[in-house]
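S.K.: Take a look at final36.csv, CSV, C-alpha atoms and all ligand atoms:
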```csv
chain,number,residue,atom,x,y,z
A,205,MET,CA,0.9,12.8,4.0
A,206,SER,CA,4.7,12.5,4.2
A,207,LEU,CA,6.9,10.8,1.7
A,208,THR,CA,7.6,8.0,4.1
A,209,ASP,CA,3.9,7.2,4.5
A,210,ILE,CA,3.2,7.3,0.8
A,211,ALA,CA,6.3,5.3,-0.1
A,212,ASP,CA,5.2,2.5,2.2
A,213,THR,CA,1.8,1.5,1.1
A,214,LYS,CA,-0.1,0.2,-1.9
A,215,ALA,CA,-2.8,2.9,-1.3
A,216,GLY,CA,0.0,5.5,-1.5
A,217,ALA,CA,1.3,4.1,-4.7
A,218,LEU,CA,-2.2,4.0,-6.2
A,219,LYS,CA,-2.9,7.6,-5.1
A,220,LEU,CA,0.3,8.8,-6.9
A,221,LEU,CA,-0.5,6.7,-10.0
A,222,ARG,CA,-3.9,8.4,-10.2
A,223,SER,CA,-2.4,11.9,-10.1
A,224,THR,CA,-3.5,14.4,-12.7
A,225,GLY,CA,-3.0,18.1,-13.4
A,226,GLU,CA,-1.0,20.1,-10.8
A,227,GLU,CA,-0.7,16.9,-8.6
A,228,LEU,CA,0.9,15.1,-11.5
A,229,ARG,CA,3.4,17.9,-12.1
A,230,ARG,CA,4.2,17.8,-8.4
A,231,LEU,CA,4.8,14.0,-8.7
A,232,TYR,CA,7.2,14.4,-11.6
A,233,ARG,CA,9.1,17.2,-9.7
A,234,LEU,CA,9.3,15.1,-6.6
A,235,ALA,CA,10.6,12.1,-8.5
A,236,ASP,CA,13.2,14.2,-10.2
A,237,GLU,CA,14.3,15.7,-6.9
A,238,VAL,CA,14.6,12.3,-5.2
A,239,ARG,CA,16.7,11.1,-8.2
A,240,ARG,CA,19.0,14.1,-7.9
A,241,GLU,CA,19.3,13.9,-4.2
A,242,ARG,CA,20.0,10.1,-4.0
A,243,MET,CA,21.7,9.3,-7.3
A,244,GLY,CA,23.0,12.7,-8.5
A,245,ASP,CA,23.0,14.2,-12.0
A,246,ASP,CA,25.2,11.5,-13.5
A,247,VAL,CA,23.7,9.2,-16.1
A,248,TYR,CA,25.5,5.9,-16.3
A,249,LEU,CA,25.9,4.2,-19.7
A,250,ARG,CA,25.6,0.5,-20.0
A,251,GLY,CA,26.3,-0.9,-23.5
A,252,ILE,CA,24.0,-3.7,-24.3
A,253,VAL,CA,25.1,-6.6,-26.6
A,254,GLU,CA,22.2,-8.8,-27.7
A,255,PHE,CA,24.5,-11.8,-28.4
A,256,SER,CA,21.9,-14.4,-29.4
A,257,ASN,CA,18.2,-14.4,-30.3
A,258,ILE,CA,17.9,-18.2,-29.9
A,259,CYS,CA,15.3,-18.9,-27.2
A,260,ALA,CA,13.7,-22.1,-25.9
A,261,ASN,CA,10.9,-20.3,-24.2
A,262,ASN,CA,7.6,-19.2,-25.7
A,263,CYS,CA,6.7,-16.0,-23.7
A,264,THR,CA,3.5,-14.9,-25.4
A,265,TYR,CA,4.5,-11.3,-25.6
A,266,CYS,CA,8.0,-11.6,-27.0
A,267,GLY,CA,9.0,-11.3,-30.7
A,268,ILE,CA,11.9,-13.7,-30.5
A,269,ARG,CA,9.9,-16.5,-28.7
A,270,GLY,CA,10.9,-20.0,-29.8
A,271,GLY,CA,7.6,-20.4,-31.6
A,272,ASN,CA,8.1,-17.5,-33.9
A,273,LYS,CA,9.4,-19.2,-37.1
A,274,ALA,CA,9.7,-15.9,-39.0
A,275,VAL,CA,12.7,-14.9,-37.0
A,276,SER,CA,16.2,-15.6,-38.5
A,277,ARG,CA,18.2,-16.9,-35.6
A,278,TYR,CA,21.8,-16.0,-34.8
A,279,ARG,CA,24.4,-16.4,-32.1
A,280,MET,CA,27.5,-14.2,-32.0
A,281,THR,CA,30.9,-16.0,-31.8
A,282,PHE,CA,33.1,-15.8,-28.7
A,283,GLU,CA,35.5,-13.5,-30.7
A,284,GLU,CA,32.7,-11.2,-31.9
A,285,ILE,CA,31.5,-10.7,-28.3
A,286,LEU,CA,35.0,-10.1,-27.1
A,287,ASP,CA,35.6,-7.6,-29.9
A,288,VAL,CA,32.5,-5.5,-28.9
A,289,ALA,CA,33.7,-5.5,-25.2
A,290,ARG,CA,37.2,-4.5,-26.3
A,291,SER,CA,35.7,-1.6,-28.4
A,292,MET,CA,33.9,-0.3,-25.3
A,293,ALA,CA,37.0,-0.2,-23.1
A,294,GLY,CA,38.1,3.3,-22.4
A,295,THR,CA,34.8,4.8,-23.5
A,296,GLU,CA,32.0,6.2,-21.3
A,297,ARG,CA,30.3,2.8,-21.5
A,298,THR,CA,31.8,1.3,-18.3
A,299,THR,CA,29.4,-1.7,-18.2
A,300,VAL,CA,28.8,-4.3,-20.8
A,301,VAL,CA,25.3,-6.0,-20.6
A,302,LEU,CA,25.2,-9.4,-22.3
A,303,GLN,CA,21.7,-10.3,-23.1
A,304,SER,CA,20.1,-13.3,-25.0
A,305,GLY,CA,17.2,-15.6,-25.2
A,306,GLU,CA,16.9,-18.3,-22.6
A,307,THR,CA,18.6,-21.4,-23.9
A,308,GLN,CA,21.6,-23.8,-23.4
A,309,VAL,CA,22.9,-22.9,-26.9
A,310,PHE,CA,25.6,-21.2,-25.0
A,311,GLY,CA,26.7,-23.6,-22.2
A,312,ASP,CA,27.2,-22.3,-18.7
A,313,GLU,CA,31.0,-22.9,-19.1
A,314,GLU,CA,31.1,-21.0,-22.3
A,315,ILE,CA,29.4,-18.0,-20.8
A,316,GLY,CA,31.7,-18.2,-17.8
A,317,GLU,CA,34.7,-18.2,-20.2
A,318,ILE,CA,33.4,-15.1,-22.0
A,319,VAL,CA,33.0,-13.3,-18.6
A,320,LYS,CA,36.5,-14.3,-17.6
A,321,ARG,CA,38.1,-13.1,-20.8
A,322,ILE,CA,36.3,-9.7,-20.7
A,323,LYS,CA,37.4,-9.3,-17.1
A,324,ARG,CA,41.0,-10.2,-18.0
A,325,GLU,CA,41.2,-7.8,-21.0
A,326,THR,CA,39.1,-4.8,-19.9
A,327,SER,CA,38.1,-3.0,-16.8
A,328,LEU,CA,34.4,-3.2,-17.7
A,329,SER,CA,31.7,-4.2,-15.2
A,330,ILE,CA,29.7,-7.2,-16.6
A,331,THR,CA,26.0,-7.7,-16.4
A,332,LEU,CA,24.4,-10.9,-17.7
A,333,SER,CA,20.8,-11.2,-18.7
A,334,VAL,CA,20.1,-14.7,-19.9
A,335,GLY,CA,17.1,-15.9,-17.9
A,336,ASN,CA,16.4,-18.3,-15.0
A,337,ARG,CA,19.4,-20.5,-14.0
A,338,PRO,CA,20.2,-22.7,-11.0
A,339,PHE,CA,22.0,-21.2,-8.0
A,340,GLU,CA,25.1,-23.1,-8.8
A,341,THR,CA,25.3,-21.6,-12.3
A,342,TYR,CA,24.9,-18.1,-10.9
A,343,ARG,CA,27.6,-18.9,-8.3
A,344,TYR,CA,30.0,-20.1,-11.1
A,345,TRP,CA,29.4,-17.0,-13.2
A,346,HIS,CA,30.0,-14.7,-10.2
A,347,GLU,CA,33.3,-16.5,-9.5
A,348,CYS,CA,34.2,-15.9,-13.2
A,349,GLY,CA,33.7,-12.2,-12.6
A,350,MET,CA,30.0,-11.4,-13.3
A,351,ASP,CA,29.1,-8.2,-11.4
A,352,ARG,CA,25.4,-7.9,-12.0
A,353,TYR,CA,22.4,-9.8,-13.3
A,354,LEU,CA,19.1,-8.5,-15.0
A,355,LEU,CA,16.0,-10.6,-14.7
A,356,ARG,CA,12.6,-8.9,-14.9
A,357,PHE,CA,9.8,-10.6,-13.0
A,358,GLU,CA,7.5,-9.1,-15.7
A,359,THR,CA,4.4,-9.0,-13.5
A,360,SER,CA,3.7,-9.6,-9.9
A,361,ASP,CA,0.4,-11.3,-10.7
A,362,ALA,CA,1.3,-15.0,-10.5
A,363,GLN,CA,-1.7,-16.1,-12.6
A,364,LEU,CA,-0.9,-13.6,-15.3
A,365,PHE,CA,2.7,-14.5,-15.2
A,366,GLU,CA,1.9,-18.2,-15.8
A,367,ALA,CA,-0.5,-17.4,-18.6
A,368,LEU,CA,2.2,-15.2,-20.3
A,369,ARG,CA,5.2,-17.5,-19.7
A,370,PRO,CA,4.2,-21.1,-20.4
A,371,ARG,CA,5.8,-23.7,-18.1
A,372,THR,CA,7.4,-21.2,-15.8
A,373,THR,CA,6.3,-19.7,-12.5
A,374,LEU,CA,6.6,-16.4,-10.7
A,375,GLN,CA,7.8,-18.3,-7.7
A,376,ASP,CA,10.8,-19.7,-9.6
A,377,ARG,CA,11.6,-16.2,-11.0
A,378,VAL,CA,11.6,-14.7,-7.5
A,379,ARG,CA,13.8,-17.6,-6.3
A,380,CYS,CA,16.4,-16.5,-8.9
A,381,LEU,CA,16.0,-12.9,-7.7
A,382,THR,CA,16.8,-14.0,-4.1
A,383,ASP,CA,19.7,-16.4,-5.0
A,384,LEU,CA,21.5,-13.6,-6.9
A,385,PRO,CA,21.8,-11.0,-4.1
A,386,ASN,CA,22.6,-13.8,-1.7
A,387,LEU,CA,25.7,-14.5,-3.8
A,388,GLY,CA,26.7,-10.9,-3.7
A,389,VAL,CA,25.6,-10.2,-7.3
A,390,GLN,CA,24.1,-6.8,-7.9
A,391,THR,CA,20.6,-7.6,-9.0
A,392,GLY,CA,18.2,-6.0,-11.4
A,393,SER,CA,14.6,-6.8,-12.1
A,394,GLY,CA,11.5,-5.0,-13.3
A,395,PHE,CA,8.3,-5.4,-15.3
A,396,MET,CA,6.3,-4.4,-18.3
A,397,VAL,CA,3.8,-1.7,-18.0
A,398,GLY,CA,0.3,-2.3,-19.5
A,399,LEU,CA,0.3,-6.1,-20.1
A,400,PRO,CA,-3.2,-7.2,-21.3
A,401,GLY,CA,-5.1,-8.3,-18.2
A,402,GLU,CA,-3.3,-6.1,-15.7
A,403,THR,CA,-4.9,-3.4,-13.6
A,404,LEU,CA,-3.7,-0.3,-11.8
A,405,GLU,CA,-3.5,-2.5,-8.7
A,406,THR,CA,-1.1,-4.8,-10.6
A,407,LEU,CA,1.1,-1.8,-11.4
A,408,ALA,CA,1.1,-0.8,-7.8
A,409,ASP,CA,2.0,-4.3,-6.7
A,410,ASN,CA,4.8,-4.5,-9.2
A,411,ILE,CA,6.3,-1.3,-7.7
A,412,LEU,CA,6.0,-2.7,-4.2
A,413,LEU,CA,7.5,-6.0,-5.2
A,414,CYS,CA,10.6,-4.1,-6.6
A,415,ARG,CA,10.9,-2.4,-3.3
A,416,ASP,CA,10.5,-5.6,-1.3
A,417,LEU,CA,13.2,-7.3,-3.3
A,418,THR,CA,15.6,-4.3,-2.5
A,419,LEU,CA,16.9,-4.3,-6.1
A,420,ASP,CA,20.0,-2.6,-7.2
A,421,MET,CA,18.6,-1.9,-10.7
A,422,ILE,CA,15.0,-1.7,-11.9
A,423,GLY,CA,14.1,-1.7,-15.6
A,424,ILE,CA,10.5,-1.2,-16.7
A,425,GLY,CA,9.0,-0.5,-20.1
A,426,PRO,CA,5.7,-0.3,-21.8
A,427,PHE,CA,4.4,-3.6,-23.2
A,428,ILE,CA,4.3,-3.3,-27.0
A,429,PRO,CA,2.3,-6.0,-28.9
A,430,HIS,CA,4.4,-7.8,-31.5
A,431,PRO,CA,2.6,-9.0,-34.7
A,432,GLY,CA,4.3,-12.4,-34.6
A,433,THR,CA,3.1,-13.4,-31.2
A,434,PRO,CA,-0.2,-14.6,-29.6
A,435,LEU,CA,-0.7,-11.1,-28.2
A,436,ALA,CA,-0.6,-9.5,-31.6
A,437,GLY,CA,-4.2,-8.2,-31.6
A,438,LYS,CA,-4.1,-7.1,-27.9
A,439,ARG,CA,-3.8,-3.5,-26.7
A,440,ASN,CA,-1.6,-2.1,-24.0
A,441,ALA,CA,-3.7,-1.7,-20.9
A,442,TYR,CA,-2.9,2.0,-20.9
A,443,ASP,CA,-3.6,2.7,-24.5
A,444,GLY,CA,-5.1,6.2,-24.5
A,445,ASP,CA,-3.4,7.1,-21.3
A,446,PRO,CA,0.3,7.4,-22.3
A,447,GLU,CA,1.2,9.4,-19.1
A,448,MET,CA,0.8,6.2,-17.1
A,449,PHE,CA,4.2,5.0,-18.5
A,450,PHE,CA,5.9,8.0,-17.1
A,451,LYS,CA,3.9,8.0,-13.8
A,452,ALA,CA,5.1,4.4,-13.4
A,453,ILE,CA,8.8,5.6,-13.5
A,454,ALA,CA,8.1,8.5,-11.1
A,455,VAL,CA,6.4,6.3,-8.5
A,456,LEU,CA,9.1,3.6,-8.9
A,457,ARG,CA,11.7,6.2,-8.1
A,458,ILE,CA,9.9,7.5,-5.0
A,459,PHE,CA,9.5,3.9,-3.7
A,460,ASN,CA,13.0,2.9,-4.7
A,461,PRO,CA,15.1,6.0,-4.1
A,462,ASP,CA,18.5,4.2,-4.3
A,463,ALA,CA,18.0,2.0,-7.3
A,464,HIS,CA,19.6,2.5,-10.7
A,465,ILE,CA,16.6,3.0,-13.0
A,466,PRO,CA,17.3,2.9,-16.8
A,467,ALA,CA,15.4,4.9,-19.4
A,468,THR,CA,14.7,1.8,-21.4
A,469,THR,CA,14.6,1.4,-25.2
A,470,ALA,CA,10.9,0.6,-25.3
A,471,TYR,CA,10.1,4.2,-24.2
A,472,ASP,CA,11.7,5.4,-27.5
A,473,ALA,CA,9.8,2.7,-29.4
A,474,LEU,CA,6.5,4.2,-28.1
A,475,PHE,CA,7.6,7.8,-28.1
A,476,PRO,CA,10.1,8.1,-30.9
A,477,GLY,CA,13.2,10.3,-30.2
A,478,GLN,CA,11.9,11.5,-26.8
A,479,GLY,CA,10.7,8.7,-24.7
A,480,ARG,CA,14.0,7.9,-23.0
A,481,ASP,CA,14.7,11.7,-22.4
A,482,ARG,CA,11.4,12.1,-20.6
A,483,ALA,CA,12.0,9.0,-18.5
A,484,LEU,CA,15.3,10.6,-17.5
A,485,GLN,CA,13.4,13.6,-16.3
A,486,VAL,CA,11.0,11.8,-14.1
A,487,GLY,CA,13.3,9.5,-12.1
A,488,ALA,CA,15.6,7.5,-14.4
A,489,ASN,CA,19.4,7.7,-14.2
A,490,VAL,CA,20.8,5.1,-16.6
A,491,PHE,CA,20.9,4.8,-20.4
A,492,MET,CA,21.7,1.6,-22.3
A,493,PRO,CA,23.0,2.4,-25.8
A,494,ASN,CA,22.8,-0.5,-28.2
A,495,ASN,CA,26.2,-2.2,-28.9
A,496,THR,CA,24.9,-5.2,-30.8
A,497,PRO,CA,26.7,-5.4,-34.2
A,498,VAL,CA,24.4,-3.8,-36.8
A,499,GLN,CA,24.0,-7.0,-38.9
A,500,TYR,CA,22.2,-8.7,-35.9
A,501,ARG,CA,20.0,-5.8,-34.7
A,502,LYS,CA,17.1,-6.4,-36.9
A,503,ASP,CA,16.8,-10.0,-35.7
A,504,TYR,CA,16.5,-9.0,-32.0
A,505,LEU,CA,13.0,-7.4,-32.2
A,506,LEU,CA,11.4,-8.2,-28.9
A,507,TYR,CA,8.7,-5.7,-29.9
A,508,PRO,CA,8.0,-3.6,-33.0
A,509,GLY,CA,9.3,-0.1,-33.5
A,510,LYS,CA,12.6,-0.7,-31.7
A,511,PRO,CA,14.9,2.2,-32.5
A,512,CYS,CA,18.6,2.3,-33.4
A,513,ILE,CA,18.4,-0.7,-35.8
A,514,THR,CA,20.5,0.7,-38.5
A,515,GLU,CA,22.9,2.9,-36.5
A,516,ASP,CA,26.2,1.5,-35.3
A,517,ALA,CA,27.6,1.5,-31.8
A,518,ASP,CA,29.5,4.7,-32.3
A,519,GLN,CA,26.4,6.5,-33.7
A,520,CYS,CA,24.3,5.3,-30.8
A,521,SER,CA,27.0,6.4,-28.3
A,522,ALA,CA,27.3,9.9,-29.9
A,523,CYS,CA,23.5,10.3,-29.9
A,524,THR,CA,23.3,9.2,-26.3
A,525,LEU,CA,25.9,11.7,-25.1
A,526,MET,CA,24.1,14.5,-27.0
A,527,ARG,CA,20.8,13.6,-25.4
A,528,ILE,CA,22.2,13.5,-21.9
A,529,GLU,CA,23.9,16.9,-22.4
A,530,ALA,CA,20.8,18.5,-23.8
A,531,LEU,CA,19.0,17.5,-20.5
A,532,GLY,CA,21.8,19.3,-18.5
A,533,ARG,CA,23.0,16.1,-17.0
A,534,THR,CA,26.4,14.6,-16.9
A,535,VAL,CA,27.8,11.2,-17.9
A,536,GLY,CA,28.7,8.8,-15.0
A,537,LYS,CA,32.4,8.2,-14.9
A,538,GLY,CA,32.8,5.2,-12.6
A,539,PRO,CA,31.2,1.7,-12.8
A,540,GLY,CA,27.9,2.9,-11.3
A,541,HIS,CA,27.6,0.0,-9.0
A,542,GLY,CA,24.4,-0.8,-7.2
A,543,ARG,CA,23.8,0.8,-3.8
A,544,SER,CA,20.2,-0.1,-2.8
A,545,ARG,CA,21.2,-2.9,-0.5
A,546,PHE,CA,23.4,-0.7,1.6
A,547,ALA,CA,21.4,2.5,1.7
A,548,ASP,CA,18.7,3.5,4.2
A,549,ARG,CA,15.1,3.6,3.4
A,550,PRO,CA,13.6,7.0,2.8
A,551,ARG,CA,12.7,8.9,5.9
B,601,LIG,N1,15.5,-13.9,-22.3
B,601,LIG,C1,15.8,-13.0,-21.2
B,601,LIG,C2,16.3,-11.6,-21.7
B,601,LIG,C3,15.7,-11.1,-23.0
B,601,LIG,S1,14.1,-10.5,-22.9
B,601,LIG,C4,14.6,-12.8,-20.3
B,601,LIG,O1,13.5,-13.1,-20.8
B,601,LIG,O2,14.7,-12.4,-19.2
B,601,LIG,C5,14.3,-8.9,-22.2
B,601,LIG,C6,13.0,-8.2,-21.8
B,601,LIG,O3,12.3,-7.7,-22.9
B,601,LIG,C7,12.0,-9.0,-21.0
B,601,LIG,O4,12.3,-9.1,-19.7
B,601,LIG,C8,10.7,-8.3,-21.3
B,601,LIG,O5,10.3,-7.4,-20.2
B,601,LIG,C9,11.0,-7.4,-22.5
B,601,LIG,N2,10.0,-7.6,-23.6
B,601,LIG,C10,9.9,-8.8,-24.3
B,601,LIG,N3,8.8,-8.6,-25.2
B,601,LIG,C11,8.3,-7.4,-25.0
B,601,LIG,C12,7.2,-6.6,-25.6
B,601,LIG,N4,6.4,-7.2,-26.5
B,601,LIG,N5,7.0,-5.4,-25.2
B,601,LIG,C13,7.8,-4.8,-24.3
B,601,LIG,N6,8.9,-5.4,-23.7
B,601,LIG,C14,9.1,-6.7,-24.0
B,602,LIG,FE1,12.8,-15.9,-24.6
B,602,LIG,FE2,13.2,-13.8,-22.9
B,602,LIG,FE3,11.7,-13.6,-25.1
B,602,LIG,FE4,10.8,-15.0,-23.1
B,602,LIG,S1,11.2,-12.8,-23.1
B,602,LIG,S2,10.7,-15.7,-25.2
B,602,LIG,S3,12.7,-15.9,-22.3
B,602,LIG,S4,13.9,-13.9,-25.1
```
Please lay out the structure from this file as structure tokens.

M.R.:
Amino acid sequence: MSLTDIADTKAGALKLLRSTGEELRRLYRLADEVRRERMGDDVYLRGIVEFSNICANNCTYCGIRGGNKAVSRYRMTFEEILDVARSMAGTERTTVVLQSGETQVFGDEEIGEIVKRIKRETSLSITLSVGNRPFETYRYWHECGMDRYLLRFETSDAQLFEALRPRTTLQDRVRCLTDLPNLGVQTGSGFMVGLPGETLETLADNILLCRDLTLDMIGIGPFIPHPGTPLAGKRNAYDGDPEMFFKAIAVLRIFNPDAHIPATTAYDALFPGQGRDRALQVGANVFMPNNTPVQYRKDYLLYPGKPCITEDADQCSACTLMRIEALGRTVGKGPGHGRSRFADRPR
């Protein structure tokens, strides 16, 4: 079967996800080759700033869900956020990713002002990741200078989605993921791997949904049960089969050859000190060092075991550069804009 055939069907995705032994080694080699051919050896650095952990939602998997009363809540000030962005200017971190819980604690206008100020004072690209918002809000932020948006659909199984994210629907999430590219915003989405209740079919469907949405960026990561959530006692669906987390990245790359795929932090939480490196070797091409001021990091625990809680931004940055070099890769110099929408499908 040719790559075009495999990368087109759910049966093809399932076949690749079931690879073992020599077949699996071939899958990893192929994913790495596709990454090199389509995205090059550069690894782009996006500095993430978790600027508030206040959230009105109650996603059953998330450590900072509104219902978790054990969390000490914070919101960074306008000046604190600006200071972090200023400190990134001129470094290898050419994009600032501003992420928070989903809430109106920061008004749309306030977020717009932050975006405008960062744009005025630095040459950074700006990614926002603050949840579902109306079309008009996305349009306003785009006018303010927002370049990109991250919003994972979490799972392509609508029933599971609604069970995990009370009072929200997959349909509305997908509406946001259609509004954003229509506005010209580079759009990122993705999902968790191994949510309780998912099957291998769900994983294949997740990968196909990413492809169908023609995303510029795709972030995925293992689901890790948090003790302060309703899913505390649950196990990851791939407990006992840790290769599945890496197979997911490899198949994702083959099905989405032109997407930026980050080696996400949750890989290091599950595979300390090596998870993100392995992800970079099986298809990923982006790294997101933590730029949240140290005093806030321990309060942004979406899942337990999150690394880089006590290191500061400079330490995280130095460590990231070392890891990339050790893999024989180079650091991306430009903004690393999305290119999926303009590129051809694999042939
Ligand atoms: N509030 C925004 C952004 C913050 S959450 C939003 O929900 O979109 C960022 C991501 O963290 C989520 O998209 C989810 O995929 C991930 N996440 C949350 N809880 C997790 C857990 N227990 N294990 C792994 N990833 C988790
Ligand atoms: Fe809030 Fe996002 Fe966590 Fe859901 S995943 S509870 S929206 S921070």

S.K.: Find, counting all atoms listed in the file, the residue in A:Thr468, A:Asn257, A:Thr418, A:Thr372 that gets nearest to Tyr504 (chain A).

M.R.: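 Counting all atoms listed in the file, the residue closest to Tyr504 (chain A) is A:Asn257.
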
S.K.: What residues of the protein or nucleic acid chains come within 6 Å of ligand LIG 601 (chain B) when you use only C-alpha atoms and all ligand atoms? Reply as an MDAnalysis selection string.

M.R.: chainID A and resid 265:266 303:306 333:335 355:356 358 395:396 426:430 506:507

S.K.: Next, write the just-selected residues to a file, as a PDB file, in the coordinates of the input, keeping C-alpha atoms as the atom set.

M.R.:
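To be explicit, this is the file written out as part_24.pdb:
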```pdb
ATOM      1  CA  TYR A 265       4.500 -11.300 -25.600  1.00  0.00           C
ATOM      2  CA  CYS A 266       8.000 -11.600 -27.000  1.00  0.00           C
ATOM      3  CA  GLN A 303      21.700 -10.300 -23.100  1.00  0.00           C
ATOM      4  CA  SER A 304      20.100 -13.300 -25.000  1.00  0.00           C
ATOM      5  CA  GLY A 305      17.200 -15.600 -25.200  1.00  0.00           C
ATOM      6  CA  GLU A 306      16.900 -18.300 -22.600  1.00  0.00           C
ATOM      7  CA  SER A 333      20.800 -11.200 -18.700  1.00  0.00           C
ATOM      8  CA  VAL A 334      20.100 -14.700 -19.900  1.00  0.00           C
ATOM      9  CA  GLY A 335      17.100 -15.900 -17.900  1.00  0.00           C
ATOM     10  CA  LEU A 355      16.000 -10.600 -14.700  1.00  0.00           C
ATOM     11  CA  ARG A 356      12.600  -8.900 -14.900  1.00  0.00           C
ATOM     12  CA  GLU A 358       7.500  -9.100 -15.700  1.00  0.00           C
ATOM     13  CA  PHE A 395       8.300  -5.400 -15.300  1.00  0.00           C
ATOM     14  CA  MET A 396       6.300  -4.400 -18.300  1.00  0.00           C
ATOM     15  CA  PRO A 426       5.700  -0.300 -21.800  1.00  0.00           C
ATOM     16  CA  PHE A 427       4.400  -3.600 -23.200  1.00  0.00           C
ATOM     17  CA  ILE A 428       4.300  -3.300 -27.000  1.00  0.00           C
ATOM     18  CA  PRO A 429       2.300  -6.000 -28.900  1.00  0.00           C
ATOM     19  CA  HIS A 430       4.400  -7.800 -31.500  1.00  0.00           C
ATOM     20  CA  LEU A 506      11.400  -8.200 -28.900  1.00  0.00           C
ATOM     21  CA  TYR A 507       8.700  -5.700 -29.900  1.00  0.00           C
TER      22      TYR A 507
END
```

S.K.: Do you have the CA of Arg297 (chain A)-CA of Ala483 (chain A) distance handy?

M.R.: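 Computing the Euclidean distance for CA of Arg297 (chain A) and CA of Ala483 (chain A) yields 19.6 Å.
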
S.K.: Using all atoms listed in the file, find the one residue out of A:Asn272, A:Thr264, A:Asn489, A:Thr341 that sits nearest to Leu368 (chain A).

M.R.: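 Nearest to Leu368 (chain A): A:Thr264.
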
S.K.: Measure the distance from CA of Gly536 (chain A) to CA of Asp472 (chain A) in Å and round it to one decimal.

M.R.: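 A separation of 21.4 Å between them.
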
S.K.: Of the residues A:Val389, A:Cys259, A:Ile513, A:Val301, which is the one nearest to ligand LIG 602 (chain B), using only C-alpha atoms and all ligand atoms?

M.R.: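 Smallest distance to ligand LIG 602 (chain B) is found for A:Cys259.
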
S.K.: Identify which of the residues A:Ala215, A:Glu447, A:Arg379, A:Cys263 lies closest to Phe365 (chain A), counting all atoms listed in the file when measuring atom-to-atom distances.

M.R.: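 Among A:Ala215, A:Glu447, A:Arg379, A:Cys263, it is A:Cys263 that comes nearest to Phe365 (chain A).
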
S.K.: Let me make sure I understand: among A:Arg482, A:Arg321, A:Arg371, A:Arg230, which one has the smallest atom-to-atom distance to Pro466 (chain A) if we use all atoms listed in the file?

M.R.: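 Going through A:Arg482, A:Arg321, A:Arg371, A:Arg230 one by one, the smallest distance to Pro466 (chain A) is for A:Arg482.
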
S.K.: Report the distance between CA of Lys510 (chain A) and CA of Leu231 (chain A) in Å, rounded to one decimal place.

M.R.: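 It comes out at 28.4 Å.
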
S.K.: Identify the residues around (23.0, 12.3, -15.3) within a radius of 6 Å, measuring from all atoms listed in the file in the coordinates stated by the file, and give them as a ChimeraX atom specification.

M.R.: /A:245-247,489,533-535

S.K.: Can you tell me which residues surround region 323-329 of chain A at a distance of at most 8 Å, considering only C-alpha atoms, apart from same-chain residues fewer than 6 positions away, and format the answer as a PDB file with C-alpha atoms, in the frame of the given file?

M.R.:
```
ATOM      1  CA  ALA A 289      33.700  -5.500 -25.200  1.00  0.00           C
ATOM      2  CA  ARG A 290      37.200  -4.500 -26.300  1.00  0.00           C
ATOM      3  CA  ALA A 293      37.000  -0.200 -23.100  1.00  0.00           C
ATOM      4  CA  THR A 298      31.800   1.300 -18.300  1.00  0.00           C
ATOM      5  CA  THR A 299      29.400  -1.700 -18.200  1.00  0.00           C
ATOM      6  CA  VAL A 300      28.800  -4.300 -20.800  1.00  0.00           C
ATOM      7  CA  GLY A 349      33.700 -12.200 -12.600  1.00  0.00           C
ATOM      8  CA  MET A 350      30.000 -11.400 -13.300  1.00  0.00           C
ATOM      9  CA  ASP A 351      29.100  -8.200 -11.400  1.00  0.00           C
ATOM     10  CA  ARG A 352      25.400  -7.900 -12.000  1.00  0.00           C
ATOM     11  CA  PRO A 539      31.200   1.700 -12.800  1.00  0.00           C
TER      12      PRO A 539
END
```

S.K.: Go through A:Asp312, A:Glu405, A:Asp462, A:Glu284 one by one, measure the shortest atom-to-atom distance of each to Pro497 (chain A) using all atoms listed in the file, and give the residue with the smallest value.

M.R.: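 For Pro497 (chain A), the nearest of the given residues is A:Glu284.
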
S.K.: Could you give me, as a PyMOL selection string, the residues that sit within 12 Å of (34.8, -13.8, -28.4) in the file's coordinates, counting only C-alpha atoms?

M.R.: chain A and resi 255+279-290+314-322+325

S.K.: Report as a list in words all protein, DNA and RNA residues lying within 10 Å of Tyr342 (chain A), evaluated on only C-alpha atoms, omitting residues in the same chain fewer than 2 positions from it.

M.R.: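 Result of the neighbour search: Asp312, Gly316, Leu332, Asn336, Arg337, Pro338, Phe339, Glu340, Tyr344, Trp345, His346, Glu347, Cys348, Met350, Tyr353, Cys380, Asp383, Leu384, Leu387 and Val389 of chain A.
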
S.K.: May I have the residues from that selection written out with C-alpha atoms, as a CSV table (one decimal), in the frame of the given file?

M.R.:
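So result_33.csv came out as:
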```
chain,number,residue,atom,x,y,z
A,312,ASP,CA,27.2,-22.3,-18.7
A,316,GLY,CA,31.7,-18.2,-17.8
A,332,LEU,CA,24.4,-10.9,-17.7
A,336,ASN,CA,16.4,-18.3,-15.0
A,337,ARG,CA,19.4,-20.5,-14.0
A,338,PRO,CA,20.2,-22.7,-11.0
A,339,PHE,CA,22.0,-21.2,-8.0
A,340,GLU,CA,25.1,-23.1,-8.8
A,344,TYR,CA,30.0,-20.1,-11.1
A,345,TRP,CA,29.4,-17.0,-13.2
A,346,HIS,CA,30.0,-14.7,-10.2
A,347,GLU,CA,33.3,-16.5,-9.5
A,348,CYS,CA,34.2,-15.9,-13.2
A,350,MET,CA,30.0,-11.4,-13.3
A,353,TYR,CA,22.4,-9.8,-13.3
A,380,CYS,CA,16.4,-16.5,-8.9
A,383,ASP,CA,19.7,-16.4,-5.0
A,384,LEU,CA,21.5,-13.6,-6.9
A,387,LEU,CA,25.7,-14.5,-3.8
A,389,VAL,CA,25.6,-10.2,-7.3
```
